[in-house]
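Reading through the structure tokens given below for one structure.
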Amino acid sequence: MARKDDSLLNNLQKEHIGGKLCLITGATSGIGKEAAIGLLELGAQVVITARDIARGQAVQREIQMKSGRSRVELYELDLSSKKSIQEFVKNFKKRHKGLDLLINNAGVSHPQRKESAEGIEATFAVNHLGPFWLTEALLDTLQNNAPSRIINVASALHYRGKIDFLAGGDALARKENYSGLQAYNDSKLCNVIYTMDLFRKLQSKNVSVYAFHPGVVNTGLIRDYPGIVHAIWGLISKSPKKAAKPLVQLASLPDPGPSGTYFHGTKRKNPLPISNDPAVADQLRKLSESLG
Ligand SMILES: NC(=O)c1ccc[n+]([C@@H]2O[C@H](COP(=O)([O-])OP(=O)(O)OC[C@H]3O[C@@H](n4cnc5c(N)ncnc54)[C@H](OP(=O)(O)O)[C@@H]3O)[C@@H](O)[C@H]2O)c1
């Protein structure tokens, strides 16, 4: 993204995003919460989601207080459940015909293997499958408000991702030799592959699509890992507020760069080459649809 002085940047952002409808998942903590505050401060209308509605209401009040803005809607959404996603989309579409910005930010990292209610390995379910189903179900609303934008919060750990499970068999279930880190890396590679898939599919529809890596950030993502991981993380990580700044820029600048770009903070980077392979994207799409 082009560097401009802070006040000019801020005015450009306000002009572009002011009054627009932005949906951000995973805004109950970490990067998502700070990004929601940043978008509100720029004058956007923000929709947040929560698995636990009471917790969501507390965060909604906190976000309103910190931003000094009231335009925050809250919906219940559990990305590990297709039923919950369908219910959310139904409720969202009752109120809104269009959507200007979707930020798929919610994510998990589980040191121990878990399954979703539908029996799918939980990291894949929450980090890839849920956002896939959600995005596909909201494409009509994004097209209604085109030019519109999708940002998928991925990770530089996608460079260590593997997609052996696309070959079939039991690899996706990860019942043998589960590694939480590998499951996370693989799910983040799926985020980047899906971003490039969407970029190709939406090129003629005026919906731009980006993948974003926020850096190493001190959030709840590692909450289930042992103390030593927290200690190291505390030394190498930045604050969620700092990490959210380039995400808010990507969301709100009129022209942050060509659709289909992977951003590491504000810098454009080439993602893992396999992310650009349409045949791989088709395989991932077919697998994701077959699990629905
Ligand atoms: N932190 C880092 O260093 C880092 C680095 C690279 C990429 N990222 C990515 O950044 C994104 C945000 O993570 P974060 O670091 O801000 O972590 P975080 O503080 O743990 O926030 C994660 C958010 O995801 C939500 N979430 C978890 N499971 C969900 C589910 N089943 N359905 C709906 N929402 C769910 C959480 O909601 P609850 O409050 O209900 O748990 C929370 O709001 C993730 O995609 C992560 O992979 C983070």
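All residue names refer to the structure tokens as shown: chains lettered A, B, ... in order, residues numbered from 1 in each chain, ligands numbered from 1 in order.
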
**Message:** As a quick test: using only C-alpha atoms and all ligand atoms, which residues lie no more than 6 Å away from ligand 1? Give them as a PyMOL selection string.
**Reply:** chain A and resi 26-32+50-51+77-80+105-108+126+153-155+213-221

**Request:** Within 8 Å of Leu166 of chain A, counting only C-alpha atoms, which residues show up once you throw out same-chain ones fewer than 5 positions away? Write them as an MDAnalysis selection string, please.
**Result:** chainID A and resid 172 283:284 287

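Distance check against Leu134 of chain A using only C-alpha atoms: of A:Gly38, A:Gly292, A:Gly257, A:Pro147, the minimum falls on A:Gly292.
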
**Request:** Once DSSP has gone over the backbone, tell me which residues of segment 5-246 of chain A are in strand (DSSP E), as a ChimeraX atom specification.
**Result:** /A:21-24,45-50,72-76,101-104,148-153,207-213

**Request:** Tell me which protein, DNA and RNA residues are within 12 Å of Leu189 of chain A, counting only C-alpha atoms, leaving out same-chain ones fewer than 4 positions away, and put them as a VMD selection string.
**Result:** chain A and resid 124 127 to 128 152 to 164 182 to 185 193 to 196 211 to 213 262 271 to 276 280 to 281 284

Compile the contact shell of Leu142 of chain A as a PDB file with C-alpha atoms, in the first residue's frame: residues with an atom at most 10 Å away, counting only C-alpha atoms, same-chain residues fewer than 2 positions apart removed.
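part_38.pdb written:
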ATOM      1  CA  LYS A  97     -29.545  -6.466   1.084  1.00  0.00           C
ATOM      2  CA  GLY A  98     -25.941  -5.417   0.564  1.00  0.00           C
ATOM      3  CA  LEU A  99     -22.529  -5.665   2.202  1.00  0.00           C
ATOM      4  CA  ASP A 100     -19.495  -3.484   1.419  1.00  0.00           C
ATOM      5  CA  LEU A 101     -16.759  -5.322   3.284  1.00  0.00           C
ATOM      6  CA  LEU A 102     -16.355  -8.811   4.714  1.00  0.00           C
ATOM      7  CA  THR A 135     -18.411 -16.083   2.202  1.00  0.00           C
ATOM      8  CA  ALA A 137     -23.538 -17.408   1.249  1.00  0.00           C
ATOM      9  CA  LEU A 138     -22.804 -13.649   1.333  1.00  0.00           C
ATOM     10  CA  LEU A 139     -21.453 -13.253  -2.218  1.00  0.00           C
ATOM     11  CA  ASP A 140     -24.806 -11.959  -3.472  1.00  0.00           C
ATOM     12  CA  ASN A 144     -25.198  -5.986  -4.621  1.00  0.00           C
ATOM     13  CA  ASN A 145     -22.883  -3.330  -3.141  1.00  0.00           C
ATOM     14  CA  ALA A 146     -20.016  -3.642  -5.647  1.00  0.00           C
ATOM     15  CA  PRO A 147     -17.395  -2.275  -5.678  1.00  0.00           C
ATOM     16  CA  SER A 148     -16.969  -4.239  -2.471  1.00  0.00           C
ATOM     17  CA  ARG A 149     -14.168  -6.082  -0.731  1.00  0.00           C
ATOM     18  CA  ILE A 150     -13.282  -9.331   1.046  1.00  0.00           C
ATOM     19  CA  LYS A 205     -17.924  -8.680 -10.546  1.00  0.00           C
ATOM     20  CA  ASN A 206     -16.070  -5.722  -9.001  1.00  0.00           C
ATOM     21  CA  VAL A 207     -15.493  -7.501  -5.686  1.00  0.00           C
ATOM     22  CA  SER A 208     -11.807  -7.343  -4.705  1.00  0.00           C
TER      23      SER A 208
END

**Request:** Run DSSP on the backbone and grab whatever in segment 53-244 of chain A lands in helix (DSSP H, G or I); send it over as a PyMOL selection string.
**Result:** chain A and resi 53-67+82-95+122-144+156-160+164-167+180-205+220-222+227-236+240-244

**Distance in Å - atom CA of Ser204 of chain A versus atom CA of Ser259 of chain A** =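 For atom CA of Ser204 of chain A relative to atom CA of Ser259 of chain A, the distance reads 11.3 Å.
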
**Asked** Which of these residues is nearest to Thr141 of chain A, using only C-alpha atoms: A:Ile53, A:Val89, A:Leu247, A:Ile236?
**Response**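 So, comparing all the options, the nearest one is A:Val89.
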
**Message:** Could you tell me how far atom CA of Ala171 of chain A sits from atom CA of Leu198 of chain A, in Å to one decimal place?
**Reply:**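 If I compute the distance from atom CA of Leu198 of chain A to atom CA of Ala171 of chain A, I get 25.0 Å.
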
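You will find atom CA of Ala244 of chain A at 5.0 Å from atom CA of Ala35 of chain A.
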
Quick one: residues within 12 Å of Val248 of chain A, only C-alpha atoms counted, chain neighbours fewer than 5 positions away excluded, as an mmCIF file with C-alpha atoms, in the first residue's frame?
data_model
loop_
_atom_site.group_PDB
_atom_site.id
_atom_site.type_symbol
_atom_site.label_atom_id
_atom_site.label_comp_id
_atom_site.auth_asym_id
_atom_site.auth_seq_id
_atom_site.Cartn_x
_atom_site.Cartn_y
_atom_site.Cartn_z
ATOM 1 C CA MET A 1 0.000 0.000 0.000
ATOM 2 C CA LEU A 9 -4.221 8.681 4.831
ATOM 3 C CA ASN A 10 -6.871 9.111 7.507
ATOM 4 C CA GLN A 13 -9.827 6.163 4.607
ATOM 5 C CA LYS A 14 -12.743 8.114 6.121
ATOM 6 C CA HIS A 16 -13.890 5.664 1.359
ATOM 7 C CA ILE A 17 -15.296 3.682 4.296
ATOM 8 C CA CYS A 22 -18.533 -3.878 7.264
ATOM 9 C CA ILE A 24 -15.983 -8.661 10.756
ATOM 10 C CA ILE A 31 -7.036 -8.203 16.192
ATOM 11 C CA GLY A 32 -10.727 -8.326 15.250
ATOM 12 C CA LYS A 33 -11.843 -6.216 18.195
ATOM 13 C CA GLU A 34 -9.216 -3.531 17.465
ATOM 14 C CA ALA A 35 -10.078 -3.563 13.748
ATOM 15 C CA ALA A 36 -13.777 -3.090 14.577
ATOM 16 C CA ILE A 37 -12.881 -0.059 16.739
ATOM 17 C CA GLY A 38 -10.661 1.326 13.949
ATOM 18 C CA LEU A 39 -13.396 0.936 11.323
ATOM 19 C CA LEU A 40 -15.964 2.609 13.578
ATOM 20 C CA GLU A 41 -13.616 5.514 14.234
ATOM 21 C CA LEU A 42 -13.460 6.027 10.468
ATOM 22 C CA ALA A 44 -18.111 2.760 9.094
ATOM 23 C CA LEU A 101 -16.759 -5.322 3.284
ATOM 24 C CA LEU A 102 -16.355 -8.811 4.714
ATOM 25 C CA ILE A 103 -13.361 -9.502 6.946
ATOM 26 C CA ILE A 151 -10.261 -9.672 3.336
ATOM 27 C CA VAL A 153 -6.943 -12.934 7.624
ATOM 28 C CA PHE A 212 -3.592 -10.546 5.049
ATOM 29 C CA PRO A 214 -0.974 -9.402 10.728
ATOM 30 C CA PRO A 240 -3.497 -6.225 18.688
ATOM 31 C CA LYS A 241 -3.995 -2.469 18.219
ATOM 32 C CA LYS A 242 -0.763 -2.179 16.222
ATOM 33 C CA ALA A 243 -1.586 -5.288 14.183
ATOM 34 C CA LEU A 253 -8.166 2.702 1.493
ATOM 35 C CA PRO A 254 -9.901 3.351 -1.832
ATOM 36 C CA PRO A 256 -4.968 -0.651 -1.529
ATOM 37 C CA GLY A 265 1.193 -6.006 7.107
ATOM 38 C CA THR A 266 1.299 -3.220 4.518
#

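Take the candidates A:Tyr225, A:Tyr210, A:Phe88, A:Tyr178 and check each one against Glu121 of chain A using only C-alpha atoms; the shortest distance goes to A:Tyr178.
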